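The file query-v8.txt comes next; it holds compact mmCIF, N, CA and C atoms.
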# COMPACT_ATOMS: atom_id res chain seq x y z
N MET A 805 -3.34 -10.36 10.22
CA MET A 805 -2.05 -10.04 9.62
C MET A 805 -1.75 -8.58 9.93
N ASP A 806 -0.52 -8.33 10.32
CA ASP A 806 -0.11 -6.96 10.58
C ASP A 806 0.54 -6.36 9.33
N ALA A 807 0.88 -5.09 9.39
CA ALA A 807 1.42 -4.38 8.22
C ALA A 807 2.76 -4.96 7.77
N LYS A 808 3.58 -5.37 8.72
CA LYS A 808 4.90 -5.92 8.38
C LYS A 808 4.76 -7.21 7.57
N LYS A 809 3.86 -8.09 7.98
CA LYS A 809 3.64 -9.34 7.25
C LYS A 809 3.02 -9.07 5.87
N ALA A 810 2.09 -8.13 5.82
CA ALA A 810 1.46 -7.78 4.54
C ALA A 810 2.50 -7.21 3.58
N TYR A 811 3.41 -6.41 4.10
CA TYR A 811 4.48 -5.84 3.27
C TYR A 811 5.36 -6.94 2.69
N ALA A 812 5.69 -7.94 3.51
CA ALA A 812 6.51 -9.05 3.03
C ALA A 812 5.82 -9.78 1.88
N VAL A 813 4.50 -9.91 1.95
CA VAL A 813 3.73 -10.56 0.89
C VAL A 813 3.76 -9.73 -0.39
N ILE A 814 3.47 -8.46 -0.29
CA ILE A 814 3.33 -7.61 -1.49
C ILE A 814 4.68 -7.22 -2.08
N LYS A 815 5.71 -7.17 -1.27
CA LYS A 815 7.04 -6.78 -1.76
C LYS A 815 7.55 -7.78 -2.80
N GLN A 816 7.22 -9.05 -2.64
CA GLN A 816 7.64 -10.07 -3.61
C GLN A 816 7.12 -9.75 -5.00
N ARG A 817 5.93 -9.22 -5.07
CA ARG A 817 5.31 -8.89 -6.35
C ARG A 817 5.87 -7.60 -6.93
N ASN A 818 6.53 -6.81 -6.11
CA ASN A 818 7.04 -5.50 -6.54
C ASN A 818 8.55 -5.41 -6.40
N SER A 819 9.25 -6.50 -6.68
CA SER A 819 10.70 -6.47 -6.56
C SER A 819 11.28 -5.44 -7.53
N GLY A 820 12.31 -4.76 -7.08
CA GLY A 820 12.92 -3.71 -7.89
C GLY A 820 12.25 -2.36 -7.74
N LYS A 821 11.20 -2.28 -6.92
CA LYS A 821 10.51 -1.02 -6.69
C LYS A 821 10.63 -0.65 -5.21
N LYS A 822 10.37 0.63 -4.90
CA LYS A 822 10.39 1.06 -3.51
C LYS A 822 8.99 1.45 -3.07
N CYS A 823 8.70 1.18 -1.81
CA CYS A 823 7.40 1.51 -1.23
C CYS A 823 7.49 2.93 -0.68
N ILE A 824 6.57 3.78 -1.10
CA ILE A 824 6.57 5.16 -0.61
C ILE A 824 5.38 5.47 0.30
N GLU A 825 4.44 4.48 0.39
CA GLU A 825 3.26 4.74 1.23
C GLU A 825 2.61 3.43 1.63
N CYS A 826 2.15 3.37 2.87
CA CYS A 826 1.35 2.25 3.36
C CYS A 826 0.21 2.83 4.17
N LYS A 827 -1.00 2.33 3.91
CA LYS A 827 -2.17 2.79 4.67
C LYS A 827 -2.97 1.58 5.14
N ASP A 828 -3.56 1.74 6.31
CA ASP A 828 -4.44 0.73 6.89
C ASP A 828 -5.88 1.13 6.56
N TYR A 829 -6.54 0.32 5.76
CA TYR A 829 -7.91 0.60 5.34
C TYR A 829 -8.94 -0.17 6.16
N GLY A 830 -8.51 -0.82 7.20
CA GLY A 830 -9.43 -1.59 8.04
C GLY A 830 -9.32 -3.07 7.74
N ASP A 831 -9.89 -3.50 6.62
CA ASP A 831 -9.85 -4.91 6.22
C ASP A 831 -8.61 -5.27 5.42
N PHE A 832 -7.90 -4.26 4.95
CA PHE A 832 -6.71 -4.52 4.14
C PHE A 832 -5.70 -3.39 4.30
N PHE A 833 -4.46 -3.69 3.90
CA PHE A 833 -3.41 -2.68 3.84
C PHE A 833 -3.20 -2.30 2.38
N GLY A 834 -2.97 -1.02 2.12
CA GLY A 834 -2.68 -0.55 0.77
C GLY A 834 -1.25 -0.03 0.70
N PHE A 835 -0.56 -0.39 -0.38
CA PHE A 835 0.84 -0.01 -0.56
C PHE A 835 1.01 0.67 -1.92
N VAL A 836 1.80 1.73 -1.93
CA VAL A 836 2.14 2.40 -3.18
C VAL A 836 3.62 2.14 -3.44
N PHE A 837 3.89 1.48 -4.56
CA PHE A 837 5.26 1.20 -4.99
C PHE A 837 5.57 2.03 -6.22
N VAL A 838 6.81 2.50 -6.31
CA VAL A 838 7.26 3.30 -7.45
C VAL A 838 8.62 2.76 -7.91
N PRO A 839 9.02 3.11 -9.14
CA PRO A 839 10.35 2.70 -9.60
C PRO A 839 11.43 3.23 -8.67
N GLN A 840 12.50 2.46 -8.48
CA GLN A 840 13.61 2.85 -7.61
C GLN A 840 14.21 4.19 -8.00
N ASP A 841 14.23 4.47 -9.30
CA ASP A 841 14.90 5.69 -9.77
C ASP A 841 13.98 6.91 -9.82
N LEU A 842 12.77 6.79 -9.33
CA LEU A 842 11.87 7.95 -9.29
C LEU A 842 12.41 8.96 -8.29
N PRO A 843 12.67 10.19 -8.72
CA PRO A 843 13.22 11.20 -7.80
C PRO A 843 12.26 11.48 -6.64
N ASP A 844 12.84 11.70 -5.45
CA ASP A 844 12.03 12.05 -4.28
C ASP A 844 11.19 13.28 -4.60
N GLY A 845 9.94 13.25 -4.19
CA GLY A 845 9.04 14.37 -4.41
C GLY A 845 8.34 14.36 -5.75
N GLU A 846 8.74 13.47 -6.65
CA GLU A 846 8.09 13.36 -7.96
C GLU A 846 6.66 12.87 -7.77
N VAL A 847 5.73 13.43 -8.50
CA VAL A 847 4.32 13.07 -8.39
C VAL A 847 4.09 11.69 -9.00
N PHE A 848 3.39 10.85 -8.24
CA PHE A 848 3.08 9.50 -8.70
C PHE A 848 1.73 9.14 -8.11
N GLY A 849 0.82 8.67 -8.90
CA GLY A 849 -0.51 8.38 -8.37
C GLY A 849 -1.16 7.20 -9.06
N GLY A 850 -2.33 6.88 -8.59
CA GLY A 850 -3.09 5.78 -9.14
C GLY A 850 -3.53 4.82 -8.05
N ALA A 851 -3.87 3.62 -8.46
CA ALA A 851 -4.32 2.61 -7.52
C ALA A 851 -3.15 2.08 -6.69
N CYS A 852 -3.48 1.58 -5.52
CA CYS A 852 -2.44 0.97 -4.68
C CYS A 852 -2.63 -0.54 -4.68
N ASP A 853 -1.55 -1.25 -4.42
CA ASP A 853 -1.61 -2.70 -4.25
C ASP A 853 -2.10 -2.97 -2.84
N THR A 854 -2.95 -3.98 -2.68
CA THR A 854 -3.51 -4.26 -1.36
C THR A 854 -3.27 -5.70 -0.94
N VAL A 855 -3.27 -5.90 0.36
CA VAL A 855 -3.20 -7.23 0.95
C VAL A 855 -4.31 -7.34 1.99
N ASP A 856 -5.20 -8.32 1.78
CA ASP A 856 -6.30 -8.56 2.71
C ASP A 856 -5.73 -9.07 4.04
N LYS A 857 -6.17 -8.50 5.15
CA LYS A 857 -5.63 -8.85 6.46
C LYS A 857 -5.96 -10.29 6.87
N LYS A 858 -7.11 -10.80 6.46
CA LYS A 858 -7.52 -12.15 6.87
C LYS A 858 -6.99 -13.23 5.95
N THR A 859 -7.03 -12.98 4.65
CA THR A 859 -6.71 -14.05 3.69
C THR A 859 -5.33 -13.91 3.05
N GLY A 860 -4.77 -12.71 3.08
CA GLY A 860 -3.49 -12.47 2.40
C GLY A 860 -3.65 -12.28 0.90
N ALA A 861 -4.90 -12.24 0.42
CA ALA A 861 -5.16 -12.05 -1.01
C ALA A 861 -4.67 -10.68 -1.47
N ILE A 862 -4.08 -10.66 -2.64
CA ILE A 862 -3.56 -9.43 -3.22
C ILE A 862 -4.56 -8.88 -4.23
N SER A 863 -4.75 -7.58 -4.20
CA SER A 863 -5.68 -6.92 -5.12
C SER A 863 -5.20 -5.49 -5.32
N THR A 864 -6.09 -4.64 -5.82
CA THR A 864 -5.79 -3.22 -5.96
C THR A 864 -6.96 -2.40 -5.42
N PHE A 865 -6.67 -1.16 -5.04
CA PHE A 865 -7.68 -0.23 -4.57
C PHE A 865 -7.36 1.14 -5.13
N SER A 866 -8.37 1.78 -5.68
CA SER A 866 -8.26 3.14 -6.17
C SER A 866 -9.14 4.03 -5.30
N PRO A 867 -8.67 5.22 -4.95
CA PRO A 867 -9.51 6.14 -4.18
C PRO A 867 -10.87 6.40 -4.85
N PHE A 868 -10.92 6.31 -6.15
CA PHE A 868 -12.18 6.55 -6.86
C PHE A 868 -13.22 5.47 -6.56
N MET A 869 -12.78 4.34 -6.04
CA MET A 869 -13.69 3.25 -5.70
C MET A 869 -14.53 3.59 -4.47
N ASN A 870 -13.92 4.33 -3.53
CA ASN A 870 -14.60 4.63 -2.27
C ASN A 870 -13.86 5.78 -1.58
N PHE A 871 -14.27 6.99 -1.86
CA PHE A 871 -13.60 8.17 -1.28
C PHE A 871 -13.68 8.19 0.24
N ALA A 872 -14.81 7.76 0.81
CA ALA A 872 -14.97 7.78 2.26
C ALA A 872 -13.96 6.84 2.93
N LEU A 873 -13.78 5.65 2.36
CA LEU A 873 -12.80 4.70 2.89
C LEU A 873 -11.39 5.27 2.77
N PHE A 874 -11.10 5.88 1.64
CA PHE A 874 -9.79 6.48 1.42
C PHE A 874 -9.51 7.56 2.47
N ASP A 875 -10.50 8.37 2.77
CA ASP A 875 -10.33 9.45 3.75
C ASP A 875 -10.13 8.93 5.17
N ARG A 876 -10.71 7.76 5.49
CA ARG A 876 -10.60 7.19 6.84
C ARG A 876 -9.31 6.39 7.05
N ALA A 877 -8.63 6.05 5.98
CA ALA A 877 -7.43 5.20 6.08
C ALA A 877 -6.37 5.84 6.97
N LYS A 878 -5.68 5.00 7.72
CA LYS A 878 -4.62 5.47 8.61
C LYS A 878 -3.26 5.19 8.00
N THR A 879 -2.41 6.19 8.00
CA THR A 879 -1.06 6.05 7.47
C THR A 879 -0.22 5.18 8.41
N VAL A 880 0.50 4.23 7.81
CA VAL A 880 1.40 3.36 8.56
C VAL A 880 2.82 3.86 8.33
N ASP A 881 3.56 4.02 9.41
CA ASP A 881 4.96 4.47 9.32
C ASP A 881 5.76 3.42 8.57
N LEU A 882 6.43 3.84 7.50
CA LEU A 882 7.20 2.90 6.67
C LEU A 882 8.32 2.21 7.44
N SER A 883 8.84 2.83 8.47
CA SER A 883 9.91 2.20 9.25
C SER A 883 9.40 0.97 10.00
N ALA A 884 8.10 0.87 10.20
CA ALA A 884 7.52 -0.29 10.88
C ALA A 884 7.44 -1.51 9.96
N LEU A 885 7.68 -1.33 8.67
CA LEU A 885 7.56 -2.42 7.71
C LEU A 885 8.84 -3.23 7.56
N ILE A 886 9.94 -2.67 8.00
CA ILE A 886 11.24 -3.32 7.78
C ILE A 886 11.62 -4.22 8.95

Output the structure of this file as structure tokens.
Amino acid sequence: MDAKKAYAVIKQRNSGKKCIECKDYGDFFGFVFVPQDLPDGEVFGGACDTVDKKTGAISTFSPFMNFALFDRAKTVDLSALI
């Protein structure tokens, strides 16, 4: 599964929110969604929603779970998701 397909899966669960970040963690993609009315540049943090590349299973990932994996993740350009 590529990032665009994973985004289509996770977006359904986050209707009414906007995606501000997508990262490729190797086995899964991680997405950060925020409320539509959150001002640009406002600090928002926590776990990200994930989609497993092989199964499409939805879960969550927090950087505190594995800092090394978080550091290796590759940023996906949000324009590639649409």

What lies within 5 Å of Lys822 in chain A using all atoms listed in the file, ignoring chain neighbours under 5 positions off, as a PyMOL selection string? chain A and resi 837-840

Neighbours of Gly830 in chain A within 7 Å (all atoms listed in the file; same-chain residues fewer than 3 positions away dropped), as a list in words?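 Residues near the query, excluding close chain neighbours: Lys827, Phe833, Lys857, Ala877 and Lys878 of chain A.
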
Between A:Cys826, A:Ala812, A:Met805, A:Asn818, which residue has the minimum interatomic distance to Val880 in chain A, considering all atoms listed in the file?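 Using all atoms listed in the file, Val880 in chain A sits closest to A:Cys826.
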
Between CA of Met869 in chain A and CA of Ile886 in chain A lies a distance of 29.1 Å

Could you give me, as a ChimeraX atom specification, each residue of chain A that DSSP assigns to strand (DSSP E or B) when run on this structure's backbone? /A:821-828,832-839,852-856,862-865,878-879

For CA of Thr879 in chain A and CA of Asp841 in chain A, quote the distance in Å rounded to one decimal. 23.5 Å

Given all atoms listed in the file as the counted atoms, nearest of A:Lys809, A:Val847, A:Tyr829, A:Cys823 to Phe874 in chain A: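 Smallest distance to Phe874 in chain A is found for A:Tyr829.
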
For Leu885 in chain A, which residue among A:Phe848, A:Tyr811, A:Phe871, A:Phe832 is the nearest when counting all atoms listed in the file?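 Under the stated criterion, the closest residue is A:Tyr811.
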
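Taking CA of Ser883 in chain A as the reference point, CA of Gly834 in chain A is found at 15.4 Å.
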
Contacts of Phe835 in chain A at 5 Å or less, counting all atoms listed in the file, minus same-chain residues fewer than 6 places along, as a PDB file with N, CA and C atoms, in the frame of the given file?
ATOM      1  N   GLU A 825       4.440   4.480   0.390  1.00  0.00           N
ATOM      2  CA  GLU A 825       3.260   4.740   1.230  1.00  0.00           C
ATOM      3  C   GLU A 825       2.610   3.430   1.630  1.00  0.00           C
ATOM      4  N   CYS A 826       2.150   3.370   2.870  1.00  0.00           N
ATOM      5  CA  CYS A 826       1.350   2.250   3.360  1.00  0.00           C
ATOM      6  C   CYS A 826       0.210   2.830   4.170  1.00  0.00           C
ATOM      7  N   CYS A 852      -3.480   1.580  -5.520  1.00  0.00           N
ATOM      8  CA  CYS A 852      -2.440   0.970  -4.680  1.00  0.00           C
ATOM      9  C   CYS A 852      -2.630  -0.540  -4.680  1.00  0.00           C
ATOM     10  N   ASP A 853      -1.550  -1.250  -4.420  1.00  0.00           N
ATOM     11  CA  ASP A 853      -1.610  -2.700  -4.250  1.00  0.00           C
ATOM     12  C   ASP A 853      -2.100  -2.970  -2.840  1.00  0.00           C
ATOM     13  N   THR A 854      -2.950  -3.980  -2.680  1.00  0.00           N
ATOM     14  CA  THR A 854      -3.510  -4.260  -1.360  1.00  0.00           C
ATOM     15  C   THR A 854      -3.270  -5.700  -0.940  1.00  0.00           C
TER      16      THR A 854
END

With distances taken over all atoms listed in the file, which of A:Ala807, A:Pro867, A:Arg876, A:Arg817 is nearest to Gly850 in chain A?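 Closest to Gly850 in chain A, using all atoms listed in the file: A:Pro867.
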
Extract the full set of alpha helix (DSSP H) residues from chain A according to DSSP on the backbone, and format it as a PyMOL selection string. chain A and resi 807-817+871-876

Is it possible to dump range 839-855 of chain A as a PDB file, in the first residue's frame, including just all heavy atoms?
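Contents of out-v1.pdb, freshly written:
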ATOM      1  N   PRO A 839      -7.888  19.471  14.358  1.00  0.00           N
ATOM      2  CA  PRO A 839      -9.163  20.121  14.029  1.00  0.00           C
ATOM      3  C   PRO A 839      -8.976  21.118  12.883  1.00  0.00           C
ATOM      4  O   PRO A 839      -7.932  21.774  12.773  1.00  0.00           O
ATOM      5  CB  PRO A 839      -9.540  20.848  15.325  1.00  0.00           C
ATOM      6  CG  PRO A 839      -8.813  20.102  16.400  1.00  0.00           C
ATOM      7  CD  PRO A 839      -7.531  19.634  15.764  1.00  0.00           C
ATOM      8  N   GLN A 840      -9.987  21.247  12.025  1.00  0.00           N
ATOM      9  CA  GLN A 840      -9.926  22.164  10.889  1.00  0.00           C
ATOM     10  C   GLN A 840      -9.639  23.601  11.309  1.00  0.00           C
ATOM     11  O   GLN A 840      -8.984  24.340  10.588  1.00  0.00           O
ATOM     12  CB  GLN A 840     -11.252  22.132  10.106  1.00  0.00           C
ATOM     13  CG  GLN A 840     -11.463  20.892   9.299  1.00  0.00           C
ATOM     14  CD  GLN A 840     -10.619  20.855   8.031  1.00  0.00           C
ATOM     15  OE1 GLN A 840      -9.964  21.817   7.642  1.00  0.00           O
ATOM     16  NE2 GLN A 840     -10.626  19.715   7.386  1.00  0.00           N
ATOM     17  N   ASP A 841     -10.148  23.983  12.476  1.00  0.00           N
ATOM     18  CA  ASP A 841     -10.014  25.380  12.899  1.00  0.00           C
ATOM     19  C   ASP A 841      -8.743  25.667  13.697  1.00  0.00           C
ATOM     20  O   ASP A 841      -8.561  26.766  14.198  1.00  0.00           O
ATOM     21  CB  ASP A 841     -11.245  25.820  13.690  1.00  0.00           C
ATOM     22  CG  ASP A 841     -11.490  24.984  14.936  1.00  0.00           C
ATOM     23  OD1 ASP A 841     -10.789  23.965  15.145  1.00  0.00           O
ATOM     24  OD2 ASP A 841     -12.390  25.346  15.718  1.00  0.00           O
ATOM     25  N   LEU A 842      -7.854  24.697  13.804  1.00  0.00           N
ATOM     26  CA  LEU A 842      -6.591  24.929  14.502  1.00  0.00           C
ATOM     27  C   LEU A 842      -5.750  25.899  13.683  1.00  0.00           C
ATOM     28  O   LEU A 842      -5.484  25.650  12.497  1.00  0.00           O
ATOM     29  CB  LEU A 842      -5.821  23.622  14.700  1.00  0.00           C
ATOM     30  CG  LEU A 842      -4.569  23.724  15.561  1.00  0.00           C
ATOM     31  CD1 LEU A 842      -4.960  23.863  17.038  1.00  0.00           C
ATOM     32  CD2 LEU A 842      -3.696  22.505  15.378  1.00  0.00           C
ATOM     33  N   PRO A 843      -5.356  27.030  14.262  1.00  0.00           N
ATOM     34  CA  PRO A 843      -4.563  28.012  13.504  1.00  0.00           C
ATOM     35  C   PRO A 843      -3.229  27.423  13.034  1.00  0.00           C
ATOM     36  O   PRO A 843      -2.621  26.599  13.728  1.00  0.00           O
ATOM     37  CB  PRO A 843      -4.316  29.131  14.510  1.00  0.00           C
ATOM     38  CG  PRO A 843      -5.375  28.966  15.550  1.00  0.00           C
ATOM     39  CD  PRO A 843      -5.647  27.490  15.616  1.00  0.00           C
ATOM     40  N   ASP A 844      -2.805  27.820  11.831  1.00  0.00           N
ATOM     41  CA  ASP A 844      -1.512  27.378  11.311  1.00  0.00           C
ATOM     42  C   ASP A 844      -0.419  27.757  12.300  1.00  0.00           C
ATOM     43  O   ASP A 844      -0.409  28.858  12.841  1.00  0.00           O
ATOM     44  CB  ASP A 844      -1.220  28.029   9.960  1.00  0.00           C
ATOM     45  CG  ASP A 844      -2.096  27.475   8.852  1.00  0.00           C
ATOM     46  OD1 ASP A 844      -2.675  26.380   9.037  1.00  0.00           O
ATOM     47  OD2 ASP A 844      -2.199  28.127   7.808  1.00  0.00           O
ATOM     48  N   GLY A 845       0.505  26.837  12.522  1.00  0.00           N
ATOM     49  CA  GLY A 845       1.617  27.077  13.424  1.00  0.00           C
ATOM     50  C   GLY A 845       1.321  26.770  14.878  1.00  0.00           C
ATOM     51  O   GLY A 845       2.228  26.784  15.705  1.00  0.00           O
ATOM     52  N   GLU A 846       0.062  26.504  15.210  1.00  0.00           N
ATOM     53  CA  GLU A 846      -0.311  26.163  16.587  1.00  0.00           C
ATOM     54  C   GLU A 846       0.319  24.820  16.948  1.00  0.00           C
ATOM     55  O   GLU A 846       0.357  23.894  16.140  1.00  0.00           O
ATOM     56  CB  GLU A 846      -1.832  26.080  16.712  1.00  0.00           C
ATOM     57  CG  GLU A 846      -2.330  25.862  18.109  1.00  0.00           C
ATOM     58  CD  GLU A 846      -2.292  27.125  18.949  1.00  0.00           C
ATOM     59  OE1 GLU A 846      -2.281  28.230  18.372  1.00  0.00           O
ATOM     60  OE2 GLU A 846      -2.253  27.003  20.169  1.00  0.00           O
ATOM     61  N   VAL A 847       0.822  24.697  18.146  1.00  0.00           N
ATOM     62  CA  VAL A 847       1.475  23.474  18.597  1.00  0.00           C
ATOM     63  C   VAL A 847       0.426  22.394  18.842  1.00  0.00           C
ATOM     64  O   VAL A 847      -0.608  22.628  19.464  1.00  0.00           O
ATOM     65  CB  VAL A 847       2.285  23.734  19.890  1.00  0.00           C
ATOM     66  CG1 VAL A 847       2.876  22.443  20.412  1.00  0.00           C
ATOM     67  CG2 VAL A 847       3.368  24.761  19.627  1.00  0.00           C
ATOM     68  N   PHE A 848       0.699  21.210  18.296  1.00  0.00           N
ATOM     69  CA  PHE A 848      -0.204  20.077  18.461  1.00  0.00           C
ATOM     70  C   PHE A 848       0.659  18.838  18.485  1.00  0.00           C
ATOM     71  O   PHE A 848       1.523  18.661  17.642  1.00  0.00           O
ATOM     72  CB  PHE A 848      -1.195  20.014  17.292  1.00  0.00           C
ATOM     73  CG  PHE A 848      -2.376  19.139  17.546  1.00  0.00           C
ATOM     74  CD1 PHE A 848      -3.505  19.653  18.144  1.00  0.00           C
ATOM     75  CD2 PHE A 848      -2.356  17.804  17.194  1.00  0.00           C
ATOM     76  CE1 PHE A 848      -4.608  18.860  18.384  1.00  0.00           C
ATOM     77  CE2 PHE A 848      -3.447  16.997  17.425  1.00  0.00           C
ATOM     78  CZ  PHE A 848      -4.579  17.527  18.014  1.00  0.00           C
ATOM     79  N   GLY A 849       0.482  17.981  19.442  1.00  0.00           N
ATOM     80  CA  GLY A 849       1.343  16.807  19.523  1.00  0.00           C
ATOM     81  C   GLY A 849       0.628  15.600  20.081  1.00  0.00           C
ATOM     82  O   GLY A 849      -0.539  15.656  20.425  1.00  0.00           O
ATOM     83  N   GLY A 850       1.358  14.518  20.136  1.00  0.00           N
ATOM     84  CA  GLY A 850       0.817  13.274  20.653  1.00  0.00           C
ATOM     85  C   GLY A 850       1.037  12.143  19.670  1.00  0.00           C
ATOM     86  O   GLY A 850       1.859  12.226  18.765  1.00  0.00           O
ATOM     87  N   ALA A 851       0.268  11.092  19.845  1.00  0.00           N
ATOM     88  CA  ALA A 851       0.382   9.927  18.978  1.00  0.00           C
ATOM     89  C   ALA A 851      -0.200  10.221  17.600  1.00  0.00           C
ATOM     90  O   ALA A 851      -1.048  11.092  17.437  1.00  0.00           O
ATOM     91  CB  ALA A 851      -0.355   8.746  19.606  1.00  0.00           C
ATOM     92  N   CYS A 852       0.279   9.483  16.621  1.00  0.00           N
ATOM     93  CA  CYS A 852      -0.267   9.627  15.272  1.00  0.00           C
ATOM     94  C   CYS A 852      -1.106   8.393  14.944  1.00  0.00           C
ATOM     95  O   CYS A 852      -0.920   7.320  15.519  1.00  0.00           O
ATOM     96  CB  CYS A 852       0.848   9.817  14.244  1.00  0.00           C
ATOM     97  SG  CYS A 852       2.003   8.455  14.071  1.00  0.00           S
ATOM     98  N   ASP A 853      -2.045   8.572  14.036  1.00  0.00           N
ATOM     99  CA  ASP A 853      -2.831   7.457  13.527  1.00  0.00           C
ATOM    100  C   ASP A 853      -1.985   6.744  12.484  1.00  0.00           C
ATOM    101  O   ASP A 853      -1.288   7.393  11.696  1.00  0.00           O
ATOM    102  CB  ASP A 853      -4.125   7.960  12.880  1.00  0.00           C
ATOM    103  CG  ASP A 853      -5.055   8.616  13.876  1.00  0.00           C
ATOM    104  OD1 ASP A 853      -5.123   8.150  15.027  1.00  0.00           O
ATOM    105  OD2 ASP A 853      -5.717   9.603  13.508  1.00  0.00           O
ATOM    106  N   THR A 854      -2.044   5.417  12.462  1.00  0.00           N
ATOM    107  CA  THR A 854      -1.216   4.663  11.533  1.00  0.00           C
ATOM    108  C   THR A 854      -2.047   3.722  10.671  1.00  0.00           C
ATOM    109  O   THR A 854      -3.138   3.308  11.056  1.00  0.00           O
ATOM    110  CB  THR A 854      -0.156   3.824  12.281  1.00  0.00           C
ATOM    111  OG1 THR A 854      -0.808   2.803  13.037  1.00  0.00           O
ATOM    112  CG2 THR A 854       0.691   4.694  13.194  1.00  0.00           C
ATOM    113  N   VAL A 855      -1.489   3.407   9.517  1.00  0.00           N
ATOM    114  CA  VAL A 855      -2.065   2.407   8.622  1.00  0.00           C
ATOM    115  C   VAL A 855      -0.949   1.447   8.230  1.00  0.00           C
ATOM    116  O   VAL A 855       0.075   1.863   7.673  1.00  0.00           O
ATOM    117  CB  VAL A 855      -2.670   3.054   7.357  1.00  0.00           C
ATOM    118  CG1 VAL A 855      -3.218   1.983   6.415  1.00  0.00           C
ATOM    119  CG2 VAL A 855      -3.762   4.050   7.726  1.00  0.00           C
TER     120      VAL A 855
END
